[in-house]
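Note sheet for the following structure.
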Protein chains: 2
Amino acid sequence: MARVRMSDVAARAGVSTATVSMVLNGVNATRISSQTQQRVREAAEEVGYKPNSVARSLRTQQTRMVGLISDTIASTPFAGRMLAGANDVAREQGHLVILVDTEHDAAAERRALHALSGQQVDAMIYACMWHQVVEVPEGLPEDAVLLDCAPVAGDRAAVVPDERAGGMAAVRELVTAGHRRIAFVDAEERFDLVASRLRYEGYLRVLADAGIEPDPALHARAEPVAGGGREAARRLLELPAARRPTAMFCFNDRMAMGAYAAAHRRGLSVPGDLSIVGYDDQQLVAAELDPPLTTIALPHYEMGRWAMEVALGLRQADPAEPHLMPCPVIRRASVGPPPAAFGG
Amino acid sequence: MARVRMSDVAARAGVSTATVSMVLNGVNATRISSQTQQRVREAAEEVGYKPNSVARSLRTQQTRMVGLISDTIASTPFAGRMLAGANDVAREQGHLVILVDTEHDAAAERRALHALSGQQVDAMIYACMWHQVVEVPEGLPEDAVLLDCAPVAGDRAAVVPDERAGGMAAVRELVTAGHRRIAFVDAEERFDLVASRLRYEGYLRVLADAGIEPDPALHARAEPVAGGGREAARRLLELPAARRPTAMFCFNDRMAMGAYAAAHRRGLSVPGDLSIVGYDDQQLVAAELDPPLTTIALPHYEMGRWAMEVALGLRQADPAEPHLMPCPVIRRASVGPPPAAFGG
DNA sequence: AACCTCAGTTTAATCGATTAAACAGCCGCG
DNA sequence: CGCGGCTGTTTAATCGATTAAACTGAGGTT
């Protein structure tokens, strides 16, 4: 069954296609008699007319589509939330999103850019699956928005999580619970994570504000996975009692998961003997630990929305520096006062 | 800077647009002299010509785009793999995918269908984020492919995981390790999960094959999350020694995570005292448990590929019944022989 | 010389919409 | 009666490609 065209509607209503177009788009609507309008609408309904947006796009030079280029967005559980945020805004604005995955391969990136600009997308978003500083790929339009990454140089609208404030919030949770010996279970330097650096800055800042002298022995580093967290936590818990931490801020929820394991191995309870704060609010993990993990959420959904809002011109962005999206603290049950022996 | 059109290339090369089109598309190429071809190519290169695919699509009636409609695909960590599979095939074939999220809302679904068919997509995939039986939304084209769901009625190409075979493989792991008292830590019936039913069938089948009488007490059900798994496992471990399971097949990795916790609480080690097999091979979870969890992977990536291959006509599908995609077993370290007291 | 063939290229229609400009009636006015 | 102005609608150009059909000129045949 062939698609029905505007001319079919026009024929049925006994008018020209110009009239149909005007009626259906509400353009110059006052100039068309209401009987005609009525007739056109009925005809369109009867024949089941659906405008061909390819033709419309060609004429109007607007596709109402936005391109979303990402390095492997699809393979991380976080990424979905960014996509969802971007998608929601797009939908609200009557836009569709075209998703292209480049696997961070330069050639694929170039092809994607090519395909999308050939596709005449109205806007473009370049997304990373974790917070990083990137070389902007050549050919990325000036008005493209960077999502979860900041340009290494040059001015681009960009949005990233406010990791420093997040780190501060995490440590503040522990300080206000009364802890003074707070460890930072960090990712190793070789991973070169901007999140690691910023969260550590936040950690130091809050310690300073609270008048706590940072103890280098409490900055433990390991691979940022559960196994690494377990190892790092084990080492920390083997410290002599006076230097041992009563609380740990873990670089991410996976490391926190490992810290739980290390605590259990030593027969310590969370949060009775050891308080733990994670980062990421990782789906299906943080909430399911026992006890549920207090953590800092990454604002993926909000960043996705922000990026799309800027891309569609709904919101102004300062291209001079990335927008910092706040990371909310998710209070669950892994933080308590320090054990009595250490308490104030 | 205005986009450069084919006519610009034509002007620079001193030929007509027809010639440019033929050269650049390699159509009727033999009929065009190689000098002209050369000149056209150079001109195109020099002016940086990129074909306008909107115009091309209008003319050829092919958009090289495929619509992917999903209920909240973006919000589950699995979904990404399906998307990746579909996307990879699309890319290989020079197609782009338009992603629409409907949140399983009928109105949104209708709008999405409308938008996509207006967009003249060449193919369509309807995806669910977890295996279910669905009412096919009205207006979904005949040749759309269902991904991770089966139509409640009517013939549609569809692909779902082979949950029954997966359940069989899981239990077989335990049987061959020597276990006879194998529990199934299942989701509660009220969740009405097709996966639950099928995996249970697989469980029963393997027990029967191994000549093991199923013990209804070993079919424990709870909410399919870590907490539920913990509770169900706790109850099972409280059974009198003679009836207590030496192994558990858990409906999913989250329940398995809870089973680990229950075992630890009773001072049982995995797999020394209790062997555990999960399902889903959930990213960032299964591999990070201690010990790493032996589990059955859901073939999301492969299903995504399959669906796209069928959608693009690269592969035939039998619309009469869903294609069953095998679920591979991922052997890690949570299965061992039963404790000596029970051993063969 | 008239005619045919064929390689190489151009002309022009087309895809399905949008929209500026033109047009046809009708009314009122001097 | 003729003309300007209004209302409601149509005409036709346009967006940027693809492609069937037409054309051009050189070379070969009779």
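Chain identifiers are assigned as A, B, and so on, following the order in which chains appear in the structure tokens; residues are numbered from 1 within each chain, and ligands are numbered from 1 in order of appearance.
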
Residue neighbourhood DT14 in chain C, 10 Å, only C-alpha atoms (C1' of nucleotides), exclusion window fewer than 4 positions, as a ChimeraX atom specification | /B:58-59 /D:18-19

Writer output for current selection, N, CA and C atoms (P, O5', C5', C4', C3', O3' and C1' of nucleotides), as an mmCIF file, in the first residue's frame:
data_model
loop_
_atom_site.group_PDB
_atom_site.id
_atom_site.type_symbol
_atom_site.label_atom_id
_atom_site.label_comp_id
_atom_site.auth_asym_id
_atom_site.auth_seq_id
_atom_site.Cartn_x
_atom_site.Cartn_y
_atom_site.Cartn_z
ATOM 1 N N LEU B 58 14.849 11.543 -0.428
ATOM 2 C CA LEU B 58 13.566 11.898 -1.037
ATOM 3 C C LEU B 58 13.480 11.269 -2.420
ATOM 4 N N ARG B 59 14.561 11.361 -3.144
ATOM 5 C CA ARG B 59 14.565 10.845 -4.496
ATOM 6 C C ARG B 59 14.554 9.315 -4.531
ATOM 7 P P DT D 18 22.582 11.247 -5.761
ATOM 8 O "O5'" DT D 18 21.268 10.859 -6.582
ATOM 9 C "C5'" DT D 18 20.266 10.091 -5.954
ATOM 10 C "C4'" DT D 18 19.251 9.678 -6.983
ATOM 11 C "C3'" DT D 18 19.770 8.738 -8.076
ATOM 12 O "O3'" DT D 18 18.760 7.748 -8.238
ATOM 13 C "C1'" DT D 18 18.762 10.616 -9.053
ATOM 14 P P DT D 19 19.064 6.401 -9.034
ATOM 15 O "O5'" DT D 19 18.537 6.710 -10.503
ATOM 16 C "C5'" DT D 19 17.153 6.994 -10.705
ATOM 17 C "C4'" DT D 19 16.923 7.334 -12.159
ATOM 18 C "C3'" DT D 19 17.770 6.532 -13.147
ATOM 19 O "O3'" DT D 19 16.941 6.212 -14.257
ATOM 20 C "C1'" DT D 19 18.024 8.795 -13.583
#

From the DSSP assignment of the backbone, select every residue of range 61-195 of chain B that is helix (DSSP H, G or I), and format the answer as a PyMOL selection string.
-> chain B and resi 73-75+79-92+106-118+163-176+189-191+194-195

Output as a count of residues only the set of chain D residues within 10 Å of chain A, with distances taken over only C-alpha atoms (C1' of nucleotides).
-> 8

Could you give me, as number ranges by chain, the residues within 6 Å of range 255-271 of chain A, counting only C-alpha atoms (C1' of nucleotides) and dropping anything in the same chain fewer than 5 positions from it?
-> A: 224-227, 229-230, 233-234, 250, 278, 334-336

I'm after chain B in the frame of chain A: fit it by least squares over all Cα atoms matched in order, and give me the output as a tab-separated table (two decimals) with C-alpha atoms, in the first residue's frame.
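Result went into superposed.tsv, see below:
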chain	number	residue	atom	x	y	z
B	1	MET	CA	-0.07	0.02	0.02
B	2	ALA	CA	1.53	3.15	-1.25
B	3	ARG	CA	1.95	6.00	1.15
B	4	VAL	CA	-0.62	8.70	0.86
B	5	ARG	CA	0.68	12.05	-0.21
B	6	MET	CA	-0.48	15.51	0.38
B	7	SER	CA	-1.86	15.62	-3.13
B	8	ASP	CA	-4.18	12.74	-2.23
B	9	VAL	CA	-5.58	14.74	0.62
B	10	ALA	CA	-5.89	17.75	-1.64
B	11	ALA	CA	-7.75	15.79	-4.28
B	12	ARG	CA	-10.18	14.35	-1.78
B	13	ALA	CA	-10.86	17.73	-0.21
B	14	GLY	CA	-11.10	19.37	-3.61
B	15	VAL	CA	-8.41	21.93	-2.92
B	16	SER	CA	-4.78	22.48	-3.81
B	17	THR	CA	-1.84	21.10	-1.90
B	18	ALA	CA	-0.95	24.60	-0.84
B	19	THR	CA	-4.19	24.83	1.04
B	20	VAL	CA	-3.68	21.47	2.64
B	21	SER	CA	-0.22	22.43	3.74
B	22	MET	CA	-1.39	25.68	5.23
B	23	VAL	CA	-4.28	24.10	7.06
B	24	LEU	CA	-2.31	21.22	8.45
B	25	ASN	CA	0.53	23.42	9.59
B	26	GLY	CA	-1.64	26.20	10.86
B	27	VAL	CA	0.25	28.70	8.74
B	28	ASN	CA	-1.77	31.63	7.41
B	29	ALA	CA	-4.65	29.87	9.02
B	30	THR	CA	-6.76	32.99	9.27
B	31	ARG	CA	-6.81	33.32	5.56
B	32	ILE	CA	-8.52	30.02	4.99
B	33	SER	CA	-12.24	29.61	5.51
B	34	SER	CA	-13.22	27.37	8.34
B	35	GLN	CA	-15.29	25.13	6.08
B	36	THR	CA	-12.27	24.48	3.92
B	37	GLN	CA	-10.17	23.83	6.97
B	38	GLN	CA	-12.77	21.40	8.18
B	39	ARG	CA	-12.89	19.61	4.86
B	40	VAL	CA	-9.13	19.34	4.64
B	41	ARG	CA	-8.82	17.95	8.11
B	42	GLU	CA	-11.48	15.38	7.47
B	43	ALA	CA	-9.91	14.34	4.21
B	44	ALA	CA	-6.53	13.97	5.86
B	45	GLU	CA	-8.06	11.87	8.58
B	46	GLU	CA	-9.96	9.70	6.13
B	47	VAL	CA	-7.03	8.83	3.93
B	48	GLY	CA	-4.70	8.47	6.89
B	49	TYR	CA	-2.28	11.11	5.79
B	50	LYS	CA	1.11	11.28	7.48
B	51	PRO	CA	3.46	14.00	6.32
B	52	ASN	CA	6.65	12.80	4.73
B	53	SER	CA	9.29	14.39	6.83
B	54	VAL	CA	12.04	13.74	4.37
B	55	ALA	CA	10.35	15.98	1.86
B	56	ARG	CA	9.52	18.52	4.49
B	57	SER	CA	13.09	18.54	5.73
B	58	LEU	CA	14.44	19.07	2.29
B	59	ARG	CA	12.23	22.08	1.84
B	60	THR	CA	12.54	23.61	5.28
B	61	GLN	CA	16.19	22.74	5.78
B	62	GLN	CA	15.36	21.43	9.22
B	63	THR	CA	15.35	17.78	10.05
B	64	ARG	CA	14.28	17.93	13.66
B	65	MET	CA	16.89	15.31	14.37
B	66	VAL	CA	19.89	15.57	16.57
B	67	GLY	CA	22.99	13.47	16.28
B	68	LEU	CA	24.44	11.94	19.40
B	69	ILE	CA	27.94	10.68	18.91
B	70	SER	CA	29.47	8.67	21.66
B	71	ASP	CA	32.40	6.51	22.41
B	72	THR	CA	30.67	3.25	23.27
B	73	ILE	CA	27.82	4.85	25.08
B	74	ALA	CA	25.93	1.64	24.89
B	75	SER	CA	28.31	-0.47	26.87
B	76	THR	CA	28.23	1.20	30.21
B	77	PRO	CA	25.36	1.01	32.61
B	78	PHE	CA	25.57	4.71	33.35
B	79	ALA	CA	25.32	5.81	29.82
B	80	GLY	CA	21.71	4.92	29.53
B	81	ARG	CA	20.76	7.65	31.93
B	82	MET	CA	22.51	10.27	29.83
B	83	LEU	CA	20.77	8.99	26.76
B	84	ALA	CA	17.46	9.03	28.59
B	85	GLY	CA	17.95	12.63	29.66
B	86	ALA	CA	18.90	13.75	26.18
B	87	ASN	CA	16.11	11.75	24.65
B	88	ASP	CA	13.47	13.14	26.95
B	89	VAL	CA	14.30	16.70	26.07
B	90	ALA	CA	14.45	15.86	22.39
B	91	ARG	CA	11.05	14.26	22.55
B	92	GLU	CA	9.55	17.19	24.41
B	93	GLN	CA	10.79	19.39	21.59
B	94	GLY	CA	9.58	17.14	18.82
B	95	HIS	CA	13.04	16.02	17.86
B	96	LEU	CA	14.41	12.57	17.26
B	97	VAL	CA	17.88	11.41	18.16
B	98	ILE	CA	20.22	9.50	15.96
B	99	LEU	CA	22.67	7.50	17.94
B	100	VAL	CA	26.13	6.74	16.66
B	101	ASP	CA	28.67	4.74	18.52
B	102	THR	CA	32.26	5.30	17.55
B	103	GLU	CA	34.09	3.07	20.01
B	104	HIS	CA	36.47	5.98	20.34
B	105	ASP	CA	38.01	5.16	17.02
B	106	ALA	CA	39.11	8.21	15.09
B	107	ALA	CA	38.15	6.81	11.71
B	108	ALA	CA	34.73	5.80	12.97
B	109	GLU	CA	34.36	9.23	14.47
B	110	ARG	CA	35.09	10.86	11.17
B	111	ARG	CA	32.64	8.63	9.37
B	112	ALA	CA	29.98	9.33	11.96
B	113	LEU	CA	30.47	13.05	11.69
B	114	HIS	CA	30.25	12.73	7.94
B	115	ALA	CA	27.10	10.68	8.07
B	116	LEU	CA	25.41	12.96	10.53
B	117	SER	CA	26.21	16.17	8.80
B	118	GLY	CA	25.14	14.60	5.53
B	119	GLN	CA	21.96	13.72	7.35
B	120	GLN	CA	21.54	17.41	8.04
B	121	VAL	CA	20.97	17.01	11.75
B	122	ASP	CA	19.84	20.19	13.46
B	123	ALA	CA	22.21	19.76	16.38
B	124	MET	CA	24.94	17.54	17.63
B	125	ILE	CA	26.09	16.17	20.97
B	126	TYR	CA	29.39	14.47	21.60
B	127	ALA	CA	29.22	12.22	24.64
B	128	CYS	CA	31.74	10.26	26.63
B	129	MET	CA	30.82	7.44	28.88
B	130	TRP	CA	32.96	8.65	31.71
B	131	HIS	CA	34.20	12.02	32.68
B	132	GLN	CA	37.29	12.85	30.70
B	133	VAL	CA	39.15	15.57	28.93
B	134	VAL	CA	39.06	15.06	25.20
B	135	GLU	CA	40.60	16.31	22.03
B	136	VAL	CA	37.61	17.57	20.10
B	137	PRO	CA	37.39	15.57	16.88
B	138	GLU	CA	38.04	17.57	13.79
B	139	GLY	CA	34.88	18.38	11.94
B	140	LEU	CA	32.70	18.54	15.00
B	141	PRO	CA	30.50	21.58	14.39
B	142	GLU	CA	31.15	24.70	16.42
B	143	ASP	CA	27.81	24.49	18.12
B	144	ALA	CA	28.03	20.87	19.15
B	145	VAL	CA	27.72	20.22	22.86
B	146	LEU	CA	30.10	18.03	24.84
B	147	LEU	CA	28.50	15.66	27.32
B	148	ASP	CA	30.43	14.22	30.25
B	149	CYS	CA	33.68	15.49	28.86
B	150	ALA	CA	35.55	18.75	28.63
B	151	PRO	CA	37.56	19.94	25.62
B	152	VAL	CA	41.30	19.86	26.12
B	153	ALA	CA	41.47	23.21	24.41
B	154	GLY	CA	39.18	25.67	22.75
B	155	ASP	CA	35.77	26.87	23.67
B	156	ARG	CA	32.89	24.49	23.56
B	157	ALA	CA	29.71	24.16	25.50
B	158	ALA	CA	30.26	21.21	27.80
B	159	VAL	CA	28.81	19.64	30.90
B	160	VAL	CA	30.54	17.43	33.45
B	161	PRO	CA	29.76	16.31	36.98
B	162	ASP	CA	30.96	18.52	39.80
B	163	GLU	CA	33.28	15.86	41.18
B	164	ARG	CA	35.01	18.16	43.60
B	165	ALA	CA	31.79	19.21	45.27
B	166	GLY	CA	30.76	15.56	45.22
B	167	GLY	CA	33.92	14.53	47.00
B	168	MET	CA	33.35	17.29	49.52
B	169	ALA	CA	29.79	16.17	50.16
B	170	ALA	CA	30.91	12.59	50.65
B	171	VAL	CA	33.56	13.44	53.18
B	172	ARG	CA	31.28	15.92	54.89
B	173	GLU	CA	28.85	13.08	55.52
B	174	LEU	CA	31.56	11.30	57.42
B	175	VAL	CA	32.87	14.34	59.25
B	176	THR	CA	29.45	15.32	60.50
B	177	ALA	CA	28.90	11.74	61.69
B	178	GLY	CA	31.89	12.38	63.94
B	179	HIS	CA	34.71	10.70	62.07
B	180	ARG	CA	38.24	12.12	62.17
B	181	ARG	CA	40.23	9.28	60.66
B	182	ILE	CA	38.79	9.13	57.17
B	183	ALA	CA	40.51	7.18	54.42
B	184	PHE	CA	40.20	7.83	50.71
B	185	VAL	CA	40.16	4.57	48.80
B	186	ASP	CA	41.23	5.96	45.47
B	187	ALA	CA	41.91	4.71	41.95
B	188	GLU	CA	45.54	4.32	41.05
B	189	GLU	CA	47.22	7.24	39.38
B	190	ARG	CA	48.02	5.27	36.26
B	191	PHE	CA	44.35	5.29	35.28
B	192	ASP	CA	44.63	9.03	35.04
B	193	LEU	CA	41.03	9.72	35.94
B	194	VAL	CA	39.97	13.30	36.23
B	195	ALA	CA	37.30	12.17	38.66
B	196	SER	CA	39.99	10.74	40.92
B	197	ARG	CA	41.91	13.99	41.07
B	198	LEU	CA	38.85	16.13	41.73
B	199	ARG	CA	37.30	13.90	44.33
B	200	TYR	CA	40.61	13.86	46.14
B	201	GLU	CA	40.69	17.63	46.10
B	202	GLY	CA	37.25	17.65	47.63
B	203	TYR	CA	38.40	15.21	50.28
B	204	LEU	CA	41.36	17.36	51.25
B	205	ARG	CA	39.32	20.49	51.28
B	206	VAL	CA	36.75	19.15	53.73
B	207	LEU	CA	39.43	17.72	55.99
B	208	ALA	CA	41.07	21.14	56.04
B	209	ASP	CA	37.77	22.87	56.76
B	210	ALA	CA	37.22	20.48	59.65
B	211	GLY	CA	40.71	21.08	60.98
B	212	ILE	CA	41.79	17.50	60.34
B	213	GLU	CA	45.39	16.91	59.36
B	214	PRO	CA	45.36	14.60	56.31
B	215	ASP	CA	47.30	11.40	56.90
B	216	PRO	CA	49.02	10.19	53.72
B	217	ALA	CA	48.71	6.63	54.98
B	218	LEU	CA	44.97	6.98	54.68
B	219	HIS	CA	45.14	7.71	50.96
B	220	ALA	CA	45.09	4.18	49.60
B	221	ARG	CA	45.13	3.50	45.91
B	222	ALA	CA	44.27	0.44	43.89
B	223	GLU	CA	42.59	-0.65	40.70
B	224	PRO	CA	39.11	0.91	40.73
B	225	VAL	CA	37.19	-2.38	40.90
B	226	ALA	CA	35.85	-4.48	43.74
B	227	GLY	CA	39.04	-6.48	44.07
B	228	GLY	CA	41.12	-3.32	44.28
B	229	GLY	CA	38.81	-1.86	46.87
B	230	ARG	CA	39.08	-5.00	48.93
B	231	GLU	CA	42.87	-4.93	48.85
B	232	ALA	CA	43.15	-1.27	49.65
B	233	ALA	CA	40.65	-1.57	52.48
B	234	ARG	CA	42.45	-4.60	53.84
B	235	ARG	CA	45.71	-2.68	54.02
B	236	LEU	CA	43.99	0.22	55.75
B	237	LEU	CA	42.36	-2.05	58.31
B	238	GLU	CA	45.70	-3.62	59.13
B	239	LEU	CA	47.05	-0.30	60.30
B	240	PRO	CA	47.74	-0.09	64.05
B	241	ALA	CA	44.60	0.76	65.94
B	242	ALA	CA	45.52	4.36	66.57
B	243	ARG	CA	46.06	5.06	62.90
B	244	ARG	CA	43.32	2.89	61.51
B	245	PRO	CA	40.49	4.70	59.74
B	246	THR	CA	36.99	4.59	61.15
B	247	ALA	CA	35.53	5.60	57.83
B	248	MET	CA	36.31	5.24	54.17
B	249	PHE	CA	35.36	7.34	51.22
B	250	CYS	CA	35.67	5.07	48.19
B	251	PHE	CA	36.37	6.29	44.69
B	252	ASN	CA	33.41	4.31	43.38
B	253	ASP	CA	30.74	1.87	44.44
B	254	ARG	CA	32.64	-1.11	43.17
B	255	MET	CA	35.58	-0.28	45.41
B	256	ALA	CA	33.09	0.25	48.21
B	257	MET	CA	31.76	-3.22	47.54
B	258	GLY	CA	35.30	-4.50	48.03
B	259	ALA	CA	35.63	-2.48	51.22
B	260	TYR	CA	32.52	-4.19	52.59
B	261	ALA	CA	34.13	-7.53	51.85
B	262	ALA	CA	37.37	-6.54	53.58
B	263	ALA	CA	35.45	-5.35	56.62
B	264	HIS	CA	33.47	-8.59	56.81
B	265	ARG	CA	36.63	-10.61	56.54
B	266	ARG	CA	37.95	-8.90	59.64
B	267	GLY	CA	34.64	-9.32	61.38
B	268	LEU	CA	33.91	-5.62	61.31
B	269	SER	CA	30.40	-4.46	60.76
B	270	VAL	CA	29.24	-1.63	58.53
B	271	PRO	CA	28.50	0.96	59.76
B	272	GLY	CA	29.02	-0.14	63.37
B	273	ASP	CA	32.78	-0.48	63.12
B	274	LEU	CA	33.42	1.15	59.80
B	275	SER	CA	31.48	3.75	57.86
B	276	ILE	CA	31.67	3.72	54.09
B	277	VAL	CA	30.66	6.19	51.39
B	278	GLY	CA	30.86	5.30	47.72
B	279	TYR	CA	30.48	7.22	44.48
B	280	ASP	CA	28.38	6.67	41.35
B	281	ASP	CA	25.18	5.32	42.90
B	282	GLN	CA	25.58	2.43	40.58
B	283	GLN	CA	22.32	0.86	39.57
B	284	LEU	CA	21.53	-2.55	40.99
B	285	VAL	CA	24.60	-2.40	43.19
B	286	ALA	CA	24.72	0.44	45.66
B	287	ALA	CA	21.18	-0.05	46.89
B	288	GLU	CA	21.58	-3.80	47.13
B	289	LEU	CA	24.64	-4.00	49.29
B	290	ASP	CA	24.06	-4.98	52.90
B	291	PRO	CA	23.65	-2.47	54.44
B	292	PRO	CA	22.61	-0.28	51.50
B	293	LEU	CA	25.44	2.02	50.53
B	294	THR	CA	25.48	5.74	51.14
B	295	THR	CA	26.95	7.19	47.99
B	296	ILE	CA	27.20	10.17	45.68
B	297	ALA	CA	25.17	9.98	42.52
B	298	LEU	CA	26.51	10.95	39.15
B	299	PRO	CA	23.95	13.26	37.54
B	300	HIS	CA	23.85	11.48	34.21
B	301	TYR	CA	20.22	12.07	33.49
B	302	GLU	CA	20.52	15.76	34.29
B	303	MET	CA	23.66	16.15	32.22
B	304	GLY	CA	21.91	14.48	29.30
B	305	ARG	CA	19.04	16.90	29.61
B	306	TRP	CA	21.35	19.89	29.94
B	307	ALA	CA	23.31	18.96	26.86
B	308	MET	CA	20.20	18.52	24.78
B	309	GLU	CA	18.71	21.75	26.05
B	310	VAL	CA	21.81	23.64	25.02
B	311	ALA	CA	22.00	21.81	21.71
B	312	LEU	CA	18.45	22.80	20.88
B	313	GLY	CA	19.01	26.36	21.96
B	314	LEU	CA	16.66	26.14	24.93
B	315	ARG	CA	19.37	27.26	27.24
B	316	GLN	CA	22.48	29.39	27.01
B	317	ALA	CA	25.85	27.91	27.85
B	318	ASP	CA	29.13	29.56	28.61
B	319	PRO	CA	31.56	27.99	26.17
B	320	ALA	CA	34.50	29.27	28.15
B	321	GLU	CA	34.20	26.57	30.73
B	322	PRO	CA	32.29	23.38	31.34
B	323	HIS	CA	29.05	23.52	33.25
B	324	LEU	CA	29.41	21.71	36.57
B	325	MET	CA	26.42	19.56	37.41
B	326	PRO	CA	25.94	18.89	41.10
B	327	CYS	CA	26.24	15.32	42.38
B	328	PRO	CA	23.59	14.63	45.00
B	329	VAL	CA	24.38	12.55	48.06
B	330	ILE	CA	22.24	9.47	48.39
B	331	ARG	CA	21.92	8.69	52.09
B	332	ARG	CA	21.43	5.04	52.85
B	333	ALA	CA	22.72	3.01	55.73
B	334	SER	CA	26.48	2.66	55.53
B	335	VAL	CA	27.39	5.69	57.60
B	336	GLY	CA	27.15	5.90	61.36
B	337	PRO	CA	29.13	7.39	64.23
B	338	PRO	CA	32.64	6.09	64.81
B	339	PRO	CA	32.95	3.17	67.25
B	340	ALA	CA	32.83	4.25	70.90
B	341	ALA	CA	36.57	3.85	71.45
B	342	PHE	CA	37.15	6.58	68.90
B	343	GLY	CA	34.06	8.62	69.50
B	344	GLY	CA	34.03	12.23	70.59

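Between C1' of DG16 in chain C and C1' of DA20 in chain D the separation is 20.1 Å.
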
Assign secondary structure with DSSP using the backbone only, and return the residues of range 246-293 of chain B in strand (DSSP E) as a count of residues only.
-> 7

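Between C1' of DA2 in chain C and C1' of DA22 in chain D the separation is 22.2 Å.
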
Chain B contacts on chain C, only C-alpha atoms (C1' of nucleotides), 9 Å, as a VMD selection string | chain C and resid 7 to 10 14 to 16

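The coordinates place C1' of DA17 in chain C at 26.3 Å from C1' of DA21 in chain D.
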
DT5 in chain C environment, 12 Å, only C-alpha atoms (C1' of nucleotides), sequence neighbours closer than 6 positions dropped, as number ranges by chain = D: 25-29
